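Q: One structure, pasted below without further comment.
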Amino acid sequence: MASTNSSESSVRIFFSTNDPTLPLPAECSQINVPSDIGRYGLSRILNSSPMLNTTSPVPLDFLINGDFLRGSLSEYLSANGLSPETTVEVVYVRALVPPKFDKSFEHPDWVSSVDVLSATSPAAAWWPGKFSGGQEGDERVLSSSFDSLLRIWTPQGECIAATPAPDEGGHRMPVKSAKFLSPSRIASAGMDRTVRIWKYSEDNTSGIVAGSLKPALVLKGHMHPLTTLDVRGNKSRLLTADSGGSIGIWTSSKESAPAAPEEVSSSSSIAKRRKITTTAVNTAIRGPLSLNSHHSGSAVACFDSSDASVGYSGGFNDHLIRTLDLTTSTSVSSIPLTAPVTSLFSLSGSMAPVVAAGTASRRVILVDPREGGSSRTSVLTLKGHSNWVSGLAQCPPSSSASSEGSSGNGGSDYTLASASYDGSIMVWDLRAGGAQNAASNEDAGPVAKPVYVIDREAYRGKKRPLAGEGIKVFGLTWDEKCGIVSGGEDMKVQVDRWEV
Amino acid sequence: NIDPESLLPKLPKPEDLRPFPTLCQKIMRGHEGRVRSVAFDPTGNYIASGGEDGTIRLWDKDSGHELWRAKVSSEDRVQVVRWRPTADTFILAAVVGEDVVLAVPQIDSLSGEVENTSREVLDNGFGYAKNATQLTTASGARKDPPGKWERPGSKLESQGVLLKVTVRSEIKVLNWHRRGDYFCTVSPAGQRSAIAIHNLSKHITNNPIKKLRGGIPQHASFHPTRPLFFIAMQRSIRSYDLSELKLDKTLRPGTRWISSFDLHPGGENLAVASHDRRLVWHDLEKSADPYKTMRFHSQSVRTVKFHKSKPLFADASDDGTMVVFHAKVVSDLSEDAMIVPVKTLKGHQVIDRLGVLDIDWHPTEAHFISAGADGTIRYWG
Ligand SMILES: [Mg+2]
């Protein structure tokens with residue numbers, strides 16, 4: 001029974017962490033604390049002198065059996081039927097600090113995806129020395145839109161480049177995804193069934209930055225609209241998925257790309273328009289390294305976080321997550337889920353090789369692809385969204401590797417962000433997952449709840465509209481410099497960042 | 001002392017019958033005025049709609065973004081949109097007034113192969129039409145054929161509307177045969193030409209069943225697997241053997257005014273929607289009387305639709321709601337179908353006493369779309 005005057009009682013706790021930047025002297029790991037202590041009290045104790053001994057206080061959160069401590073310790077013990085006599089294992093982690101709204105970039109139509117070029121972004125890391133901008137403000141944001149264009153933005157919100165109109169060599173339908181291959185090359189995937197490579201350059205001779213996006217290569221072969229694109233710029237590799245279940249592997253190098261497959265040209269007016277386009281703008285056309293059907297309906301795909309010869313694909317209609325050997329373009333194993341897969345992300349660092357799948361059933365399901373086969377064990381289920389999960393991004397590793405964590409956001413490679421058609425981005429700590437949260441038989445493994453939520457700026461503090469109408473989030477990326485960048489049905493790119 | 005409750009068969013709890021749609025996930029706006037009809041294409045990747053603004057539109061299923069539209073009439077509303085059911089083509093049939101128009105939406109996401117096949121399927125019949133014999137009445141005067149097949153004119157053709165079939169009076173219902181060679185239409189005021197079967201590959205329209213007893217025809221549909229054809233009059237549903245044009249069966253749902261019906265994909269059961277607010281289930285293997293009559297709505301039930309592969313069906317009503325049912329059908333005469341209402345979905349506004357006008361299930365997922373008098377299309381999942 002819970003004691004009402006718990007101030008007199010004390011509980012013995014054992015502190016542990018998996019954050020190597022926050023070591024605790026062994027002799028300090030077991031202490032007695034008053035049972036009415038909460039998160040703040042524990043944080044103060046750990047930040048005091050014989051304990052963590054940090055230069056400035058580090059806000060901490062505490063996990064007991066995978067649940068964040070939110071009330072007092074005694075409340076937790078009584079709610080979970082635990083005896084105050086036992087030693088309680090408490091895992092301390094940096095408290096996740098929400099970002100602040102920074103800016104929105106206005107578009108004439110819905111924004112389908114976003115990517116960032118910064119000193120810490122993948123495209124800069126793949127090409128050491130090629131990204132000249134190291135100064136604050138040199139970062140670039142890439143957006144793709146349902147108006148069929150790609151755009152490049154400065155962090156101040158100036159649009160400095162856009163791809164040409166459909167009749168001048170641009171995409172002919174909405175673009176679903178676009179990513180930097182390098183500081184000067186961009187890949188995009190459209191509903192017009194093409195993958196396009198663009199040359200990006202900047203000129204600031206007149207003191208004003210002007211960018212240019214020119215078509216470099218058109219990649220053809222998909223028979224259905226593209227849904228997702230992933231890139232490994234250092235390997236010149238692209239991985240695409242289409243709404244017919246085909247997965248494409250491509251090279252961005254014109255010289256080594258195979259010839260485009262002979263496509264049946266249609267007799268219609270579209271075909272006539274297409275012909276005019278290809279003669280007017282002479283962009284080289286190439287085909288896929290491989291293009292195979294792996295799903296019975298619409299699919300999404302991503303590279304493995306560390307091995308560019310491995311990919312993962314997810315099916316909307318067949319609910320499967322497949323592990324793909326990209327060298328032979330074969331499926332080596334599959335994991336069945338219970339819901340349509342709407343987004344896919346391969347986690348890196350401590351969480352590798354876990355794959356996170358966003359679903360139409362509003363959950364993010366984390367699976368270990370090594371399990372494969374008939375095993376249905378999910379590592380963790382993230383529950384909180386109220387609509388399709390459209391995008392996923394992991395907290396980027398801190399480039400400075402300082403003991404202060406990445407950019408003051410408290411995040412680590414256990415931190416994941418998810419974007420949803422409900423109009424929100426939720427941020428999760430993957431170390432939190434209590435089996436007792438599993439409310440239904442739909443959730444196989446432990447279940448976690450979000451740590452904080454980022455709303456669209458126009459709806460901050462307001463009730464979100466039914467069905468996410470007008471505010472669906474379609475695209476999401478997380479960059480150490482730029483913060484959490486997202487785009488959606490509100491026709492905006494929204495930047496939320498931490499103060500540096 | 002036996003508790004009467006204990007004698008009733010135990011129904012499973014809705015939460016044990018997942019998945020079924022529980023939430024509105026997308027709202028698509030754009031039509032001016034009522035949206036009359038919605039349909040998923042055979043792949044489930046696109047949504048088509050037709051409305052009182054005379055337009056047919058195409059939407060991206062994933063995002064809800066509009067991709068294409070064509071204005072097919074400046075006077076008449078689009079009453080029905082239905083896709084040709086095979087995935088080798090991308091052909092949308094739309095009913096507007098006395099016409100059925102057939103369109104291949106002009107979008108660059110369509111492969112040349114699918115587009116060419118679609119155009120061929122629509123054009124193949126022009127050879128036959130030329131040789132069609134001129135119909136004459138008993139007095140020798142020229143008579144309109146049951147269906148006139150022609151090009152709709154260059155303006156519509158440039159938008160992808162490639163073929164038009166005109167019958168003698170306004171059409172309210174259109175349904176395809178599963179193979180996509182035939183579709184049927186119902187013109188309630190058409191009398192002897194009310195029921196038409198259209199042969200797409202030959203561009204020929206017939207009125208195979210001219211004598212209709214029981215008032216005004218309401219709905220018609222092909223059997224999902226056998227050569228049978230079903231016609232709903234106001235109070236009864238008759239099935240006909242298509243090869244011999246012979247009456248096969250008469251069903252009496254016991255309602256005063258049938259609005260529509262749908263056949264279970266297994267072909268042995270049929271659900272009937274009625275303006276007198278009832279939903280009726282018939283087991284075709286059993287009697288002419290209903291197996292079950294249900295009342296969940298305060299207004300007219302407009303439509304009822306079965307999922308093609310999951311044990312699900314849903315109805316839609318002018319009270320603005322839709323009820324989703326789990327329906328386990330056993331193809332065994334000794335065992336009855338198990339029907340459990342699992343969810344009532346609300347969201348559409350009732351405007352001028354009209355609510356939800358049409359619904360269609362995704363081909364594989366437990367998701368469906370609805371067309372509202374409030375001008376919205378809603379996606380439920
Ligand atoms: Mg039976």
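Numbering starts fresh at 1 for the residues of each chain in the structure tokens, the chains themselves are lettered A, B, ... in the order given, and ligands are numbered from 1 as they appear.
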Neighbouring residues of Ala301 in chain A were defined as those with any atom within 6 Å, considering only C-alpha atoms; residues of the same chain fewer than 2 positions away were excluded. Please report them as a count of residues only.

A: 3

Q: Around ligand 1, at most 10 Å away and counting only C-alpha atoms and all ligand atoms, which residues are there? Put them as a list in words, please.

A: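 After applying the 10 Å limit, what remains is Glu268, Asn269, Asp283, Leu284, Glu285, Lys286, Lys328, Val329, Val330, Ser331, Asp332, Leu333, Ser334, Glu335, Asp336, Ala337 and Met338 of chain B.
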
Q: Dump C-alpha atoms for the selected residues as a JSON list (two decimals), in the first residue's frame?

A:
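Saved result, out.json, follows:
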[["chain", "number", "residue", "atom", "x", "y", "z"],
["B", 268, "GLU", "CA", -24.10, -16.42, -52.59],
["B", 269, "ASN", "CA", -25.24, -13.45, -50.57],
["B", 283, "ASP", "CA", -28.80, -15.62, -48.60],
["B", 284, "LEU", "CA", -29.37, -16.58, -52.25],
["B", 285, "GLU", "CA", -29.04, -20.28, -51.45],
["B", 286, "LYS", "CA", -31.93, -20.08, -49.04],
["B", 328, "LYS", "CA", -18.17, -13.72, -42.18],
["B", 329, "VAL", "CA", -19.70, -15.80, -44.93],
["B", 330, "VAL", "CA", -19.25, -19.55, -44.94],
["B", 331, "SER", "CA", -19.92, -21.38, -48.19],
["B", 332, "ASP", "CA", -21.71, -24.13, -46.36],
["B", 333, "LEU", "CA", -25.46, -24.39, -46.38],
["B", 334, "SER", "CA", -25.62, -25.47, -42.77],
["B", 335, "GLU", "CA", -23.88, -22.39, -41.45],
["B", 336, "ASP", "CA", -25.33, -18.89, -41.54],
["B", 337, "ALA", "CA", -23.44, -15.70, -42.23],
["B", 338, "MET", "CA", -22.22, -13.85, -39.15]]

Q: I'd like the neighbourhood of Gly97 in chain B as a PyMOL selection string, where a residue qualifies if any of its atoms comes within 12 Å (using only C-alpha atoms), though same-chain residues fewer than 3 positions away should be ignored.

A: chain B and resi 52+54+72-80+94+100-101+164-173+185-187

Q: Wanna dump the chain B-chain A contacts at 8 Å for me, each residue with its shortest atom pair and the distance in Å to one decimal, counting only C-alpha atoms, ordered by chain and number, as a tab-separated table?

A:
residue	atom	partner	partner_atom	distance
B:Leu23	CA	A:Ala467	CA	7.9
B:Cys24	CA	A:Ala467	CA	5.5
B:Gln25	CA	A:Ala467	CA	4.6
B:Lys26	CA	A:Ala467	CA	5.2
B:Ile27	CA	A:Glu469	CA	6.2
B:Thr43	CA	A:Gly297	CA	7.3
B:Asn45	CA	A:Ser243	CA	7.0
B:His65	CA	A:Phe146	CA	8.0
B:Gln106	CA	A:Ile270	CA	6.9
B:Ile107	CA	A:Ile270	CA	7.7
B:Asp108	CA	A:Asp192	CA	4.9
B:Ser109	CA	A:Asp192	CA	4.4
B:Leu110	CA	A:His224	CA	6.9
B:Ser111	CA	A:Met223	CA	5.6
B:Gly112	CA	A:Ser266	CA	4.3
B:Glu113	CA	A:Val264	CA	5.5
B:Glu115	CA	A:Ser266	CA	6.3
B:Asn116	CA	A:Ser266	CA	5.5
B:Ser158	CA	A:Ser269	CA	7.2
B:Thr364	CA	A:Asn317	CA	6.2
B:Glu365	CA	A:Asn317	CA	6.5
B:Gly381	CA	A:Ser361	CA	7.7

Q: I need the residues from that last selection saved to file as a PDB file, in the first residue's frame (with N, CA, C and O atoms), if you can.

A:
ATOM      1  N   LEU B  23     -11.469   5.890 -38.584  1.00  0.00           N
ATOM      2  CA  LEU B  23     -11.202   7.329 -38.551  1.00  0.00           C
ATOM      3  C   LEU B  23     -11.209   7.923 -39.949  1.00  0.00           C
ATOM      4  O   LEU B  23     -10.846   7.247 -40.909  1.00  0.00           O
ATOM      5  N   CYS B  24     -11.557   9.201 -40.038  1.00  0.00           N
ATOM      6  CA  CYS B  24     -11.391   9.924 -41.296  1.00  0.00           C
ATOM      7  C   CYS B  24      -9.933  10.360 -41.385  1.00  0.00           C
ATOM      8  O   CYS B  24      -9.420  11.029 -40.498  1.00  0.00           O
ATOM      9  N   GLN B  25      -9.233   9.912 -42.441  1.00  0.00           N
ATOM     10  CA  GLN B  25      -7.804  10.205 -42.570  1.00  0.00           C
ATOM     11  C   GLN B  25      -7.489  11.287 -43.592  1.00  0.00           C
ATOM     12  O   GLN B  25      -6.414  11.867 -43.559  1.00  0.00           O
ATOM     13  N   LYS B  26      -8.408  11.531 -44.530  1.00  0.00           N
ATOM     14  CA  LYS B  26      -8.186  12.565 -45.543  1.00  0.00           C
ATOM     15  C   LYS B  26      -9.522  13.174 -45.925  1.00  0.00           C
ATOM     16  O   LYS B  26     -10.525  12.455 -45.997  1.00  0.00           O
ATOM     17  N   ILE B  27      -9.512  14.460 -46.203  1.00  0.00           N
ATOM     18  CA  ILE B  27     -10.694  15.131 -46.745  1.00  0.00           C
ATOM     19  C   ILE B  27     -10.265  15.810 -48.035  1.00  0.00           C
ATOM     20  O   ILE B  27      -9.300  16.583 -48.035  1.00  0.00           O
ATOM     21  N   THR B  43      -5.912  -0.532 -59.132  1.00  0.00           N
ATOM     22  CA  THR B  43      -4.685  -0.685 -58.338  1.00  0.00           C
ATOM     23  C   THR B  43      -4.857  -0.136 -56.923  1.00  0.00           C
ATOM     24  O   THR B  43      -4.042  -0.426 -56.045  1.00  0.00           O
ATOM     25  N   ASN B  45      -4.455   2.978 -56.234  1.00  0.00           N
ATOM     26  CA  ASN B  45      -3.558   4.130 -56.088  1.00  0.00           C
ATOM     27  C   ASN B  45      -4.209   5.468 -56.437  1.00  0.00           C
ATOM     28  O   ASN B  45      -3.675   6.513 -56.112  1.00  0.00           O
ATOM     29  N   HIS B  65      -4.062  14.819 -53.203  1.00  0.00           N
ATOM     30  CA  HIS B  65      -3.899  15.945 -54.133  1.00  0.00           C
ATOM     31  C   HIS B  65      -4.633  15.655 -55.437  1.00  0.00           C
ATOM     32  O   HIS B  65      -4.577  14.539 -55.947  1.00  0.00           O
ATOM     33  N   GLN B 106      -5.624  11.956 -68.705  1.00  0.00           N
ATOM     34  CA  GLN B 106      -4.343  12.307 -69.318  1.00  0.00           C
ATOM     35  C   GLN B 106      -3.361  12.754 -68.255  1.00  0.00           C
ATOM     36  O   GLN B 106      -3.289  13.923 -67.900  1.00  0.00           O
ATOM     37  N   ILE B 107      -2.601  11.789 -67.726  1.00  0.00           N
ATOM     38  CA  ILE B 107      -1.591  12.116 -66.737  1.00  0.00           C
ATOM     39  C   ILE B 107      -0.302  11.412 -67.136  1.00  0.00           C
ATOM     40  O   ILE B 107      -0.326  10.322 -67.686  1.00  0.00           O
ATOM     41  N   ASP B 108       0.836  12.067 -66.829  1.00  0.00           N
ATOM     42  CA  ASP B 108       2.122  11.504 -67.215  1.00  0.00           C
ATOM     43  C   ASP B 108       2.553  10.343 -66.331  1.00  0.00           C
ATOM     44  O   ASP B 108       3.605   9.766 -66.561  1.00  0.00           O
ATOM     45  N   SER B 109       1.765  10.011 -65.321  1.00  0.00           N
ATOM     46  CA  SER B 109       2.122   8.837 -64.519  1.00  0.00           C
ATOM     47  C   SER B 109       1.691   7.551 -65.209  1.00  0.00           C
ATOM     48  O   SER B 109       2.075   6.464 -64.822  1.00  0.00           O
ATOM     49  N   LEU B 110       0.879   7.696 -66.251  1.00  0.00           N
ATOM     50  CA  LEU B 110       0.382   6.532 -66.980  1.00  0.00           C
ATOM     51  C   LEU B 110       1.453   6.057 -67.960  1.00  0.00           C
ATOM     52  O   LEU B 110       1.994   6.844 -68.718  1.00  0.00           O
ATOM     53  N   SER B 111       1.748   4.748 -67.938  1.00  0.00           N
ATOM     54  CA  SER B 111       2.747   4.242 -68.879  1.00  0.00           C
ATOM     55  C   SER B 111       2.147   4.214 -70.276  1.00  0.00           C
ATOM     56  O   SER B 111       0.927   4.108 -70.441  1.00  0.00           O
ATOM     57  N   GLY B 112       3.029   4.309 -71.295  1.00  0.00           N
ATOM     58  CA  GLY B 112       2.577   4.274 -72.680  1.00  0.00           C
ATOM     59  C   GLY B 112       1.800   3.003 -72.972  1.00  0.00           C
ATOM     60  O   GLY B 112       0.813   3.013 -73.710  1.00  0.00           O
ATOM     61  N   GLU B 113       2.246   1.910 -72.351  1.00  0.00           N
ATOM     62  CA  GLU B 113       1.606   0.629 -72.587  1.00  0.00           C
ATOM     63  C   GLU B 113       0.153   0.630 -72.106  1.00  0.00           C
ATOM     64  O   GLU B 113      -0.757   0.234 -72.837  1.00  0.00           O
ATOM     65  N   GLU B 115      -1.673   3.218 -71.518  1.00  0.00           N
ATOM     66  CA  GLU B 115      -2.451   4.202 -72.253  1.00  0.00           C
ATOM     67  C   GLU B 115      -2.866   3.661 -73.622  1.00  0.00           C
ATOM     68  O   GLU B 115      -4.024   3.804 -74.037  1.00  0.00           O
ATOM     69  N   ASN B 116      -1.930   3.016 -74.304  1.00  0.00           N
ATOM     70  CA  ASN B 116      -2.266   2.465 -75.623  1.00  0.00           C
ATOM     71  C   ASN B 116      -3.322   1.367 -75.534  1.00  0.00           C
ATOM     72  O   ASN B 116      -4.254   1.326 -76.336  1.00  0.00           O
ATOM     73  N   SER B 158      -9.324  15.941 -76.231  1.00  0.00           N
ATOM     74  CA  SER B 158      -8.001  16.440 -75.847  1.00  0.00           C
ATOM     75  C   SER B 158      -7.773  16.297 -74.342  1.00  0.00           C
ATOM     76  O   SER B 158      -6.643  16.298 -73.864  1.00  0.00           O
ATOM     77  N   THR B 364      -7.618  -3.706 -51.601  1.00  0.00           N
ATOM     78  CA  THR B 364      -7.017  -4.679 -50.668  1.00  0.00           C
ATOM     79  C   THR B 364      -7.095  -4.260 -49.203  1.00  0.00           C
ATOM     80  O   THR B 364      -7.156  -5.115 -48.325  1.00  0.00           O
ATOM     81  N   GLU B 365      -7.079  -2.966 -48.901  1.00  0.00           N
ATOM     82  CA  GLU B 365      -6.995  -2.528 -47.507  1.00  0.00           C
ATOM     83  C   GLU B 365      -8.373  -2.321 -46.888  1.00  0.00           C
ATOM     84  O   GLU B 365      -9.367  -2.180 -47.594  1.00  0.00           O
ATOM     85  N   GLY B 381      -9.997   5.129 -42.698  1.00  0.00           N
ATOM     86  CA  GLY B 381      -9.069   4.018 -42.504  1.00  0.00           C
ATOM     87  C   GLY B 381      -8.848   3.716 -41.041  1.00  0.00           C
ATOM     88  O   GLY B 381      -9.488   4.297 -40.171  1.00  0.00           O
TER      89      GLY B 381
END

Q: Distance CA of Val304 in chain B-CA of Pro19 in chain B, one decimal place?

A: 18.8 Å

Q: Using DSSP assignments from the backbone, pull out every residue in range 118-312 of chain B that falls under strand (DSSP E) and give it to me as a ChimeraX atom specification.

A: /B:148-150,161-166,173-176,182-186,195-199,204-206,219-222,228-232,237-241,246-251,258-263,269-274,279-283,292-294,301-306,312

Q: Write out as a PyMOL selection string each polymer residue whose atoms come within 9 Å of Ala39 in chain B, counting only C-alpha atoms; drop sequence neighbours fewer than 4 positions from it.

A: chain B and resi 46-49+81-83+358-362+369-370

Q: Please list as a ChimeraX atom specification every residue within 10 Å of range 30-37 of chain A, counting only C-alpha atoms and excluding residues in the same chain fewer than 4 positions away.

A: /A:3-16,26,41-42,45,71-77,84,87-90

Q: Distance CA of Val342 in chain B-CA of Lys292 in chain B, one decimal place?

A: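 It comes out at 16.4 Å.
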
Q: For each of B:Ser154, B:Ser201, B:Ser221, B:Thr22, take the minimum atom-to-atom distance to Cys184 in chain B, counting only C-alpha atoms, then give the residue where this is smallest.

A: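 So, comparing all the options, the nearest one is B:Ser221.
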